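Here is the structure we will look at.
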Amino acid sequence: MKLIVGLGNPGPEYDGTRHNVGFAVLDSLARRFAPGTIAKSKFSGSTLEADIGGEKTLLLKPLTFMNRSGQSVGEAVRFYKVEPREDLLIIVDDLALPCGSIRLRPEGSAGGHNGLQDVEEKLGTSEYGRLRIGIDGRGDIPQSAYVLGKFRPDQRTLVDHALADAVDAAAHWAVHGMTGAMNTFNSRKDSA
């Protein structure tokens with residue numbers, strides 16, 4: 001079982017915010033690989049089972065709010081006995097990357113991201129795949145206001161391309177693993 005998790009905050013007031021790009025990617029994966037499937041409430045989140053290139057994959061949107069995402073991820077990892085380093089991919093926003101870019105890594109630090117920090121605490125490791133989607137730096141705007149804000153018009157086209165790339169990258173990861181996905185998507189000019 002592969003586990004792809006998109007981080008975000010539940011509720012319509014957070015739709016389209018920078019912090020919810022993980023949810024947006026999961027929604028697109030669901031439309032592509034599990035059309036018409038009804039999401040289930042499980043693991044303190046919303047789940048769908050999908051077949052991605054012959055790989056049985058659980059798509060998970062934690063509904064615990066961003067800073068408690070690890071609770072949901074931990075429940076799913078333990079239930080399916082998922083090996084985080086090989087079979088877990090977390091999709092998340094990243095202030096350190098330019099808007100329109102994506103970056104895959106097999107491990108790393110939380111980088112100040114509360115969702116990733118909670119996942120690492122609950123899993124007891126930072127060795128799990130992550131797909132970061134650039135949302136630009138916040139400038140003088142307070143961090144919480146920036147990440148919970150909507151994309152500016154000049155960012156919207158860039159992020160739409162990044163979300164499409166992220167869907168393709170997550171699907172590629174499920175079938176070909178992290179090295180194959182990194183070689184394909186991290187080398188793209190727009191993912192620098």
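By convention here, the chains of the structure tokens are called A, B, ... in the order presented, each chain's residues are numbered starting at 1, and ligands are numbered starting at 1 in the order presented.
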Per-residue nearest contacts segment 108-158 of chain A to segment 60-79 of chain A, cut-off 9 Å, using only C-alpha atoms, as a Markdown table:
```
| residue | atom | partner | partner_atom | distance |
| --- | --- | --- | --- | --- |
| A:His113 | CA | A:Asn67 | CA | 8.6 |
| A:Asn114 | CA | A:Asn67 | CA | 5.1 |
| A:Gly115 | CA | A:Asn67 | CA | 4.8 |
| A:Leu116 | CA | A:Gly70 | CA | 7.6 |
| A:Gln117 | CA | A:Asn67 | CA | 8.0 |
| A:Asp118 | CA | A:Gly70 | CA | 4.8 |
| A:Val119 | CA | A:Gly70 | CA | 3.7 |
| A:Glu120 | CA | A:Gly70 | CA | 7.1 |
| A:Glu121 | CA | A:Gly70 | CA | 7.2 |
| A:Lys122 | CA | A:Gly70 | CA | 5.3 |
| A:Leu123 | CA | A:Gly74 | CA | 6.0 |
```
- Task: Taking the chain letters and numbering used in this document, name the residues of segment 7-189 of chain A that DSSP puts in strand (DSSP E or B), as number ranges by chain.
- Result: A: 17, 40-42, 45-52, 55-62, 88-94, 102-105, 129-134, 150
Written selection (N, CA, C and O atoms) as a compact mmCIF listing (two decimals), in the first residue's frame:
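The result, stored in part-v7.txt:
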```txt
# COMPACT_ATOMS: atom_id res chain seq x y z
N THR A 17 -6.41 28.46 -0.34
CA THR A 17 -5.34 29.17 0.35
C THR A 17 -3.99 28.51 0.05
O THR A 17 -3.92 27.36 -0.38
N LYS A 40 -14.15 8.27 2.33
CA LYS A 40 -14.54 7.72 3.62
C LYS A 40 -13.87 8.51 4.73
O LYS A 40 -12.78 9.05 4.56
N SER A 41 -14.53 8.53 5.87
CA SER A 41 -13.95 9.16 7.05
C SER A 41 -13.19 8.09 7.82
O SER A 41 -13.78 7.13 8.33
N LYS A 42 -11.86 8.21 7.82
CA LYS A 42 -11.01 7.22 8.47
C LYS A 42 -9.69 7.88 8.82
O LYS A 42 -9.25 8.79 8.11
N GLY A 45 -9.32 11.61 9.09
CA GLY A 45 -9.20 12.31 7.82
C GLY A 45 -10.21 11.81 6.82
O GLY A 45 -11.12 11.03 7.14
N SER A 46 -10.04 12.27 5.60
CA SER A 46 -10.86 11.85 4.47
C SER A 46 -9.97 10.98 3.58
O SER A 46 -8.88 11.41 3.20
N THR A 47 -10.44 9.76 3.27
CA THR A 47 -9.61 8.82 2.52
C THR A 47 -10.32 8.31 1.27
O THR A 47 -11.55 8.20 1.24
N LEU A 48 -9.51 7.99 0.28
CA LEU A 48 -9.97 7.33 -0.94
C LEU A 48 -8.92 6.30 -1.33
O LEU A 48 -7.73 6.57 -1.23
N GLU A 49 -9.37 5.14 -1.78
CA GLU A 49 -8.43 4.18 -2.34
C GLU A 49 -8.41 4.35 -3.84
O GLU A 49 -9.45 4.51 -4.47
N ALA A 50 -7.20 4.33 -4.40
CA ALA A 50 -7.04 4.53 -5.84
C ALA A 50 -6.04 3.51 -6.37
O ALA A 50 -5.19 3.02 -5.64
N ASP A 51 -6.17 3.22 -7.65
CA ASP A 51 -5.20 2.39 -8.34
C ASP A 51 -4.40 3.34 -9.24
O ASP A 51 -4.93 3.91 -10.18
N ILE A 52 -3.13 3.51 -8.91
CA ILE A 52 -2.26 4.39 -9.68
C ILE A 52 -1.22 3.51 -10.36
O ILE A 52 -0.31 3.01 -9.72
N GLU A 55 -0.56 0.30 -8.68
CA GLU A 55 -0.20 0.39 -7.26
C GLU A 55 -1.43 0.78 -6.44
O GLU A 55 -2.06 1.82 -6.70
N LYS A 56 -1.77 -0.06 -5.47
CA LYS A 56 -2.86 0.27 -4.56
C LYS A 56 -2.39 1.44 -3.69
O LYS A 56 -1.35 1.35 -3.03
N THR A 57 -3.14 2.52 -3.73
CA THR A 57 -2.71 3.76 -3.08
C THR A 57 -3.85 4.35 -2.27
O THR A 57 -4.98 4.46 -2.76
N LEU A 58 -3.55 4.73 -1.05
CA LEU A 58 -4.51 5.43 -0.21
C LEU A 58 -4.22 6.92 -0.29
O LEU A 58 -3.08 7.35 -0.05
N LEU A 59 -5.23 7.70 -0.66
CA LEU A 59 -5.14 9.15 -0.68
C LEU A 59 -5.76 9.65 0.62
O LEU A 59 -6.90 9.33 0.93
N LEU A 60 -5.00 10.44 1.38
CA LEU A 60 -5.44 10.88 2.70
C LEU A 60 -5.33 12.39 2.85
O LEU A 60 -4.28 12.97 2.58
N LYS A 61 -6.45 13.00 3.27
CA LYS A 61 -6.46 14.41 3.65
C LYS A 61 -6.76 14.47 5.15
O LYS A 61 -7.89 14.24 5.56
N PRO A 62 -5.74 14.74 5.98
CA PRO A 62 -6.01 14.86 7.42
C PRO A 62 -7.00 15.99 7.69
O PRO A 62 -6.88 17.06 7.11
N LEU A 88 5.49 6.33 1.74
CA LEU A 88 4.75 7.49 2.22
C LEU A 88 5.23 8.74 1.49
O LEU A 88 6.44 9.00 1.40
N LEU A 89 4.28 9.52 0.97
CA LEU A 89 4.58 10.80 0.32
C LEU A 89 3.66 11.86 0.93
O LEU A 89 2.44 11.71 0.89
N ILE A 90 4.27 12.91 1.48
CA ILE A 90 3.51 14.03 2.05
C ILE A 90 3.62 15.20 1.08
O ILE A 90 4.72 15.59 0.68
N ILE A 91 2.48 15.79 0.73
CA ILE A 91 2.44 16.94 -0.19
C ILE A 91 2.11 18.19 0.63
O ILE A 91 1.11 18.22 1.36
N VAL A 92 2.95 19.21 0.49
CA VAL A 92 2.89 20.34 1.40
C VAL A 92 3.34 21.63 0.72
O VAL A 92 4.08 21.59 -0.27
N ASP A 93 2.89 22.75 1.24
CA ASP A 93 3.32 24.07 0.75
C ASP A 93 4.71 24.39 1.31
O ASP A 93 5.10 23.87 2.35
N ASP A 94 5.45 25.25 0.60
CA ASP A 94 6.80 25.61 1.04
C ASP A 94 7.08 27.08 0.74
O ASP A 94 7.11 27.49 -0.43
N ILE A 102 8.15 22.87 -7.84
CA ILE A 102 7.93 21.74 -6.94
C ILE A 102 9.29 21.10 -6.67
O ILE A 102 10.22 21.24 -7.47
N ARG A 103 9.39 20.40 -5.56
CA ARG A 103 10.63 19.70 -5.22
C ARG A 103 10.30 18.45 -4.44
O ARG A 103 9.56 18.49 -3.47
N LEU A 104 10.84 17.34 -4.90
CA LEU A 104 10.69 16.04 -4.22
C LEU A 104 11.95 15.73 -3.45
O LEU A 104 13.06 15.98 -3.93
N ARG A 105 11.79 15.15 -2.26
CA ARG A 105 12.92 14.72 -1.44
C ARG A 105 12.52 13.45 -0.68
O ARG A 105 11.37 13.32 -0.25
N GLY A 129 9.02 10.45 2.25
CA GLY A 129 9.00 11.28 1.06
C GLY A 129 8.16 12.53 1.24
O GLY A 129 7.14 12.51 1.94
N ARG A 130 8.62 13.58 0.61
CA ARG A 130 7.84 14.82 0.64
C ARG A 130 7.89 15.48 -0.72
O ARG A 130 8.90 15.42 -1.42
N LEU A 131 6.79 16.06 -1.08
CA LEU A 131 6.65 16.82 -2.31
C LEU A 131 6.25 18.22 -1.91
O LEU A 131 5.14 18.44 -1.42
N ARG A 132 7.18 19.14 -2.07
CA ARG A 132 6.96 20.53 -1.65
C ARG A 132 6.53 21.37 -2.85
O ARG A 132 7.10 21.24 -3.93
N ILE A 133 5.55 22.22 -2.64
CA ILE A 133 5.04 23.11 -3.67
C ILE A 133 5.33 24.54 -3.24
O ILE A 133 4.90 24.98 -2.17
N GLY A 134 6.09 25.26 -4.08
CA GLY A 134 6.48 26.62 -3.74
C GLY A 134 5.32 27.58 -3.72
O GLY A 134 4.47 27.57 -4.62
N LYS A 150 -5.14 33.76 0.14
CA LYS A 150 -5.30 33.24 -1.23
C LYS A 150 -4.15 33.73 -2.11
O LYS A 150 -3.53 34.74 -1.82
```
- Quick one: pull the distance between atom CA of Ala30 of chain A and atom CA of His176 of chain A, Å, one decimal. 19.0 Å
- Message: Report, in Å with one decimal, the straight-line distance from atom CA of Met1 of chain A to atom CA of Ala162 of chain A.
- Response: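 About the pair atom CA of Met1 of chain A and atom CA of Ala162 of chain A: they are 25.8 Å apart.
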Could you pull out all residues of chain A with a DSSP call of alpha helix (DSSP H) and give them as a compact mmCIF listing (two decimals) with N, CA, C and O atoms, in the first residue's frame?
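part.txt written:
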```txt
# COMPACT_ATOMS: atom_id res chain seq x y z
N VAL A 21 -2.46 23.74 -0.61
CA VAL A 21 -2.07 23.17 -1.90
C VAL A 21 -2.01 21.64 -1.84
O VAL A 21 -2.28 20.97 -2.83
N GLY A 22 -1.69 21.08 -0.67
CA GLY A 22 -1.68 19.62 -0.54
C GLY A 22 -3.07 19.04 -0.76
O GLY A 22 -3.22 18.01 -1.45
N PHE A 23 -4.09 19.67 -0.21
CA PHE A 23 -5.47 19.22 -0.43
C PHE A 23 -5.83 19.33 -1.91
O PHE A 23 -6.49 18.45 -2.46
N ALA A 24 -5.40 20.41 -2.57
CA ALA A 24 -5.73 20.61 -3.98
C ALA A 24 -5.14 19.49 -4.84
O ALA A 24 -5.80 18.98 -5.75
N VAL A 25 -3.91 19.08 -4.54
CA VAL A 25 -3.29 17.99 -5.29
C VAL A 25 -4.04 16.68 -5.04
O VAL A 25 -4.30 15.92 -5.97
N LEU A 26 -4.42 16.42 -3.79
CA LEU A 26 -5.16 15.18 -3.48
C LEU A 26 -6.50 15.15 -4.21
O LEU A 26 -6.89 14.10 -4.73
N ASP A 27 -7.17 16.28 -4.28
CA ASP A 27 -8.45 16.35 -5.00
C ASP A 27 -8.25 16.00 -6.48
O ASP A 27 -9.04 15.26 -7.06
N SER A 28 -7.18 16.51 -7.08
CA SER A 28 -6.90 16.21 -8.49
C SER A 28 -6.52 14.75 -8.69
O SER A 28 -6.94 14.13 -9.67
N LEU A 29 -5.73 14.19 -7.77
CA LEU A 29 -5.40 12.77 -7.85
C LEU A 29 -6.66 11.92 -7.76
O LEU A 29 -6.82 10.94 -8.50
N ALA A 30 -7.57 12.29 -6.88
CA ALA A 30 -8.83 11.54 -6.73
C ALA A 30 -9.65 11.60 -8.01
O ALA A 30 -10.21 10.59 -8.45
N ARG A 31 -9.75 12.78 -8.62
CA ARG A 31 -10.52 12.90 -9.87
C ARG A 31 -9.90 12.05 -10.98
O ARG A 31 -10.61 11.46 -11.77
N ARG A 32 -8.58 11.98 -11.01
CA ARG A 32 -7.91 11.25 -12.08
C ARG A 32 -7.91 9.73 -11.86
O ARG A 32 -8.13 8.96 -12.78
N PHE A 33 -7.65 9.30 -10.62
CA PHE A 33 -7.42 7.87 -10.37
C PHE A 33 -8.54 7.16 -9.61
O PHE A 33 -8.51 5.94 -9.49
N SER A 69 -1.47 17.32 11.90
CA SER A 69 -1.52 16.39 10.78
C SER A 69 -0.92 15.03 11.12
O SER A 69 -1.33 14.01 10.58
N GLY A 70 0.06 15.01 12.00
CA GLY A 70 0.74 13.77 12.34
C GLY A 70 -0.17 12.73 12.95
O GLY A 70 0.06 11.52 12.79
N GLN A 71 -1.20 13.17 13.65
CA GLN A 71 -2.15 12.22 14.24
C GLN A 71 -2.77 11.35 13.16
O GLN A 71 -2.79 10.13 13.24
N SER A 72 -3.27 11.98 12.11
CA SER A 72 -3.91 11.28 11.01
C SER A 72 -2.92 10.40 10.25
O SER A 72 -3.18 9.23 9.98
N VAL A 73 -1.76 10.97 9.92
CA VAL A 73 -0.73 10.23 9.19
C VAL A 73 -0.28 9.02 9.99
O VAL A 73 -0.17 7.91 9.46
N GLY A 74 -0.04 9.22 11.27
CA GLY A 74 0.41 8.12 12.13
C GLY A 74 -0.60 6.99 12.20
O GLY A 74 -0.22 5.80 12.16
N GLU A 75 -1.88 7.31 12.28
CA GLU A 75 -2.92 6.28 12.32
C GLU A 75 -2.90 5.44 11.06
O GLU A 75 -2.97 4.21 11.11
N ALA A 76 -2.79 6.07 9.89
CA ALA A 76 -2.79 5.35 8.62
C ALA A 76 -1.52 4.52 8.45
O ALA A 76 -1.57 3.37 8.01
N VAL A 77 -0.37 5.09 8.82
CA VAL A 77 0.90 4.37 8.71
C VAL A 77 0.88 3.11 9.57
O VAL A 77 1.28 2.03 9.12
N ARG A 78 0.40 3.24 10.80
CA ARG A 78 0.35 2.07 11.70
C ARG A 78 -0.65 1.03 11.21
O ARG A 78 -0.36 -0.17 11.22
N PHE A 79 -1.82 1.46 10.75
CA PHE A 79 -2.85 0.52 10.31
C PHE A 79 -2.36 -0.32 9.12
O PHE A 79 -2.54 -1.53 9.09
N TYR A 80 -1.76 0.35 8.13
CA TYR A 80 -1.33 -0.36 6.92
C TYR A 80 0.11 -0.86 7.01
O TYR A 80 0.61 -1.45 6.06
N PRO A 84 7.58 4.29 6.01
CA PRO A 84 7.58 5.70 5.61
C PRO A 84 8.60 6.05 4.52
O PRO A 84 8.29 6.79 3.60
N ARG A 85 9.80 5.52 4.62
CA ARG A 85 10.85 5.90 3.66
C ARG A 85 10.50 5.46 2.24
O ARG A 85 10.85 6.15 1.28
N GLU A 86 9.80 4.35 2.09
CA GLU A 86 9.51 3.81 0.76
C GLU A 86 8.10 4.11 0.27
O GLU A 86 7.88 4.28 -0.93
N ASP A 87 7.13 4.13 1.18
CA ASP A 87 5.72 4.09 0.77
C ASP A 87 4.87 5.26 1.23
O ASP A 87 3.65 5.22 1.13
N ASN A 114 4.74 23.58 10.43
CA ASN A 114 4.09 22.93 11.58
C ASN A 114 3.49 21.58 11.24
O ASN A 114 3.50 20.67 12.06
N GLY A 115 2.95 21.43 10.04
CA GLY A 115 2.37 20.15 9.64
C GLY A 115 3.43 19.07 9.56
O GLY A 115 3.27 17.97 10.09
N LEU A 116 4.55 19.36 8.89
CA LEU A 116 5.64 18.39 8.79
C LEU A 116 6.26 18.10 10.15
O LEU A 116 6.61 16.96 10.44
N GLN A 117 6.37 19.12 10.98
CA GLN A 117 6.93 18.92 12.31
C GLN A 117 6.08 17.94 13.11
O GLN A 117 6.60 17.04 13.76
N ASP A 118 4.76 18.07 13.02
CA ASP A 118 3.89 17.16 13.75
C ASP A 118 3.96 15.74 13.17
O ASP A 118 3.95 14.77 13.93
N VAL A 119 4.05 15.63 11.85
CA VAL A 119 4.20 14.31 11.22
C VAL A 119 5.47 13.64 11.74
O VAL A 119 5.46 12.47 12.14
N GLU A 120 6.57 14.38 11.76
CA GLU A 120 7.84 13.82 12.23
C GLU A 120 7.77 13.40 13.69
O GLU A 120 8.30 12.35 14.06
N GLU A 121 7.11 14.20 14.50
CA GLU A 121 6.97 13.83 15.92
C GLU A 121 6.16 12.55 16.09
O GLU A 121 6.53 11.67 16.86
N LYS A 122 5.06 12.43 15.34
CA LYS A 122 4.19 11.26 15.49
C LYS A 122 4.81 10.00 14.87
O LYS A 122 4.59 8.90 15.36
N LEU A 123 5.60 10.16 13.80
CA LEU A 123 6.23 9.00 13.16
C LEU A 123 7.56 8.65 13.81
O LEU A 123 8.05 7.54 13.66
N GLN A 143 3.52 35.40 8.85
CA GLN A 143 3.48 34.08 8.23
C GLN A 143 2.08 33.47 8.22
O GLN A 143 1.63 32.95 7.20
N SER A 144 1.37 33.50 9.36
CA SER A 144 0.05 32.87 9.40
C SER A 144 -0.92 33.55 8.44
O SER A 144 -1.71 32.88 7.77
N ALA A 145 -0.85 34.87 8.33
CA ALA A 145 -1.74 35.58 7.40
C ALA A 145 -1.39 35.22 5.96
O ALA A 145 -2.28 35.05 5.12
N TYR A 146 -0.10 35.07 5.66
CA TYR A 146 0.31 34.76 4.30
C TYR A 146 -0.12 33.35 3.89
O TYR A 146 -0.74 33.16 2.84
N VAL A 147 0.20 32.34 4.71
CA VAL A 147 -0.11 30.97 4.30
C VAL A 147 -1.61 30.70 4.30
O VAL A 147 -2.08 29.86 3.54
N PRO A 153 -3.23 37.24 -8.05
CA PRO A 153 -3.44 36.92 -9.47
C PRO A 153 -2.14 36.56 -10.20
O PRO A 153 -2.11 35.65 -11.02
N ASP A 154 -1.03 37.24 -9.87
CA ASP A 154 0.24 36.94 -10.54
C ASP A 154 0.81 35.59 -10.13
O ASP A 154 1.63 35.01 -10.83
N GLN A 155 0.36 35.04 -8.99
CA GLN A 155 0.81 33.73 -8.54
C GLN A 155 -0.10 32.61 -9.05
O GLN A 155 0.33 31.47 -9.15
N ARG A 156 -1.34 32.93 -9.35
CA ARG A 156 -2.34 31.91 -9.67
C ARG A 156 -1.94 31.02 -10.85
O ARG A 156 -2.03 29.80 -10.77
N THR A 157 -1.51 31.63 -11.96
CA THR A 157 -1.12 30.82 -13.11
C THR A 157 0.06 29.93 -12.77
O THR A 157 0.10 28.76 -13.14
N LEU A 158 1.04 30.50 -12.05
CA LEU A 158 2.22 29.72 -11.66
C LEU A 158 1.83 28.53 -10.79
O LEU A 158 2.30 27.41 -10.99
N VAL A 159 0.97 28.77 -9.81
CA VAL A 159 0.61 27.69 -8.89
C VAL A 159 -0.25 26.64 -9.60
O VAL A 159 -0.13 25.45 -9.31
N ASP A 160 -1.08 27.06 -10.54
CA ASP A 160 -1.88 26.08 -11.29
C ASP A 160 -0.98 25.09 -12.04
O ASP A 160 -1.23 23.89 -12.06
N HIS A 161 0.09 25.61 -12.64
CA HIS A 161 1.06 24.74 -13.32
C HIS A 161 1.76 23.83 -12.33
O HIS A 161 1.98 22.64 -12.58
N ALA A 162 2.13 24.39 -11.18
CA ALA A 162 2.82 23.59 -10.15
C ALA A 162 1.91 22.49 -9.62
O ALA A 162 2.38 21.36 -9.37
N LEU A 163 0.62 22.78 -9.44
CA LEU A 163 -0.31 21.76 -8.95
C LEU A 163 -0.45 20.63 -9.96
O LEU A 163 -0.47 19.44 -9.59
N ALA A 164 -0.51 20.97 -11.25
CA ALA A 164 -0.59 19.94 -12.28
C ALA A 164 0.68 19.09 -12.29
O ALA A 164 0.63 17.86 -12.39
N ASP A 165 1.85 19.74 -12.17
CA ASP A 165 3.10 19.00 -12.09
C ASP A 165 3.14 18.11 -10.85
O ASP A 165 3.64 16.98 -10.90
N ALA A 166 2.62 18.62 -9.73
CA ALA A 166 2.63 17.84 -8.48
C ALA A 166 1.76 16.59 -8.60
O ALA A 166 2.13 15.53 -8.09
N VAL A 167 0.63 16.69 -9.28
CA VAL A 167 -0.22 15.52 -9.51
C VAL A 167 0.56 14.48 -10.31
O VAL A 167 0.60 13.29 -9.96
N ASP A 168 1.19 14.92 -11.38
CA ASP A 168 1.99 14.00 -12.21
C ASP A 168 3.14 13.40 -11.41
O ASP A 168 3.45 12.21 -11.53
N ALA A 169 3.80 14.23 -10.60
CA ALA A 169 4.94 13.76 -9.81
C ALA A 169 4.51 12.73 -8.76
O ALA A 169 5.19 11.72 -8.55
N ALA A 170 3.38 12.98 -8.10
CA ALA A 170 2.89 12.03 -7.10
C ALA A 170 2.53 10.69 -7.75
O ALA A 170 2.85 9.63 -7.21
N ALA A 171 1.88 10.75 -8.90
CA ALA A 171 1.54 9.51 -9.61
C ALA A 171 2.80 8.78 -10.05
O ALA A 171 2.90 7.55 -9.93
N HIS A 172 3.78 9.51 -10.53
CA HIS A 172 5.05 8.92 -10.95
C HIS A 172 5.74 8.26 -9.74
O HIS A 172 6.27 7.15 -9.85
N TRP A 173 5.73 8.95 -8.61
CA TRP A 173 6.31 8.40 -7.37
C TRP A 173 5.67 7.07 -7.01
O TRP A 173 6.35 6.11 -6.64
N ALA A 174 4.33 7.00 -7.09
CA ALA A 174 3.62 5.78 -6.69
C ALA A 174 4.08 4.58 -7.51
O ALA A 174 4.19 3.47 -6.99
N VAL A 175 4.37 4.79 -8.78
CA VAL A 175 4.74 3.70 -9.68
C VAL A 175 6.25 3.46 -9.73
O VAL A 175 6.70 2.33 -9.71
N HIS A 176 7.03 4.54 -9.77
CA HIS A 176 8.47 4.43 -10.02
C HIS A 176 9.35 4.72 -8.81
O HIS A 176 10.57 4.60 -8.90
N GLY A 177 8.76 5.13 -7.69
CA GLY A 177 9.55 5.42 -6.50
C GLY A 177 10.13 6.82 -6.51
O GLY A 177 10.01 7.57 -7.48
N MET A 178 10.79 7.15 -5.40
CA MET A 178 11.30 8.50 -5.20
C MET A 178 12.41 8.86 -6.18
O MET A 178 12.42 9.95 -6.74
N THR A 179 13.36 7.96 -6.40
CA THR A 179 14.47 8.29 -7.30
C THR A 179 13.97 8.61 -8.70
O THR A 179 14.38 9.62 -9.30
N GLY A 180 13.08 7.78 -9.22
CA GLY A 180 12.52 8.03 -10.55
C GLY A 180 11.77 9.34 -10.61
O GLY A 180 11.90 10.11 -11.58
N ALA A 181 10.98 9.63 -9.58
CA ALA A 181 10.21 10.88 -9.55
C ALA A 181 11.14 12.09 -9.44
O ALA A 181 10.94 13.11 -10.13
N MET A 182 12.17 11.99 -8.60
CA MET A 182 13.11 13.10 -8.46
C MET A 182 13.85 13.36 -9.77
O MET A 182 14.01 14.51 -10.18
N ASN A 183 14.31 12.28 -10.42
CA ASN A 183 15.04 12.44 -11.68
C ASN A 183 14.18 13.08 -12.76
O ASN A 183 14.68 13.84 -13.58
N THR A 184 12.90 12.79 -12.75
CA THR A 184 12.00 13.33 -13.76
C THR A 184 11.54 14.75 -13.44
O THR A 184 11.55 15.62 -14.30
N PHE A 185 11.16 15.00 -12.19
CA PHE A 185 10.52 16.27 -11.86
C PHE A 185 11.43 17.31 -11.25
O PHE A 185 11.23 18.50 -11.46
```
- Computed interatomic separation between atom CA of Lys2 of chain A and atom CA of Lys81 of chain A (Å):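 Atom-to-atom, atom CA of Lys2 of chain A and atom CA of Lys81 of chain A are spaced 10.3 Å apart.
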- Message: When you count only C-alpha atoms, which of these residues is closest to Val5 of chain A: A:Phe43, A:Pro35, A:Gly137, A:Gly54?
- Response: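 Answer, going by the shortest atom-to-atom distance: A:Phe43.
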- Query: Pick the closest to Ala96 of chain A from A:Ile135, A:Gly16, A:Tyr128, A:Gly36: which is it, counting only C-alpha atoms?
  - Reply: A:Ile135
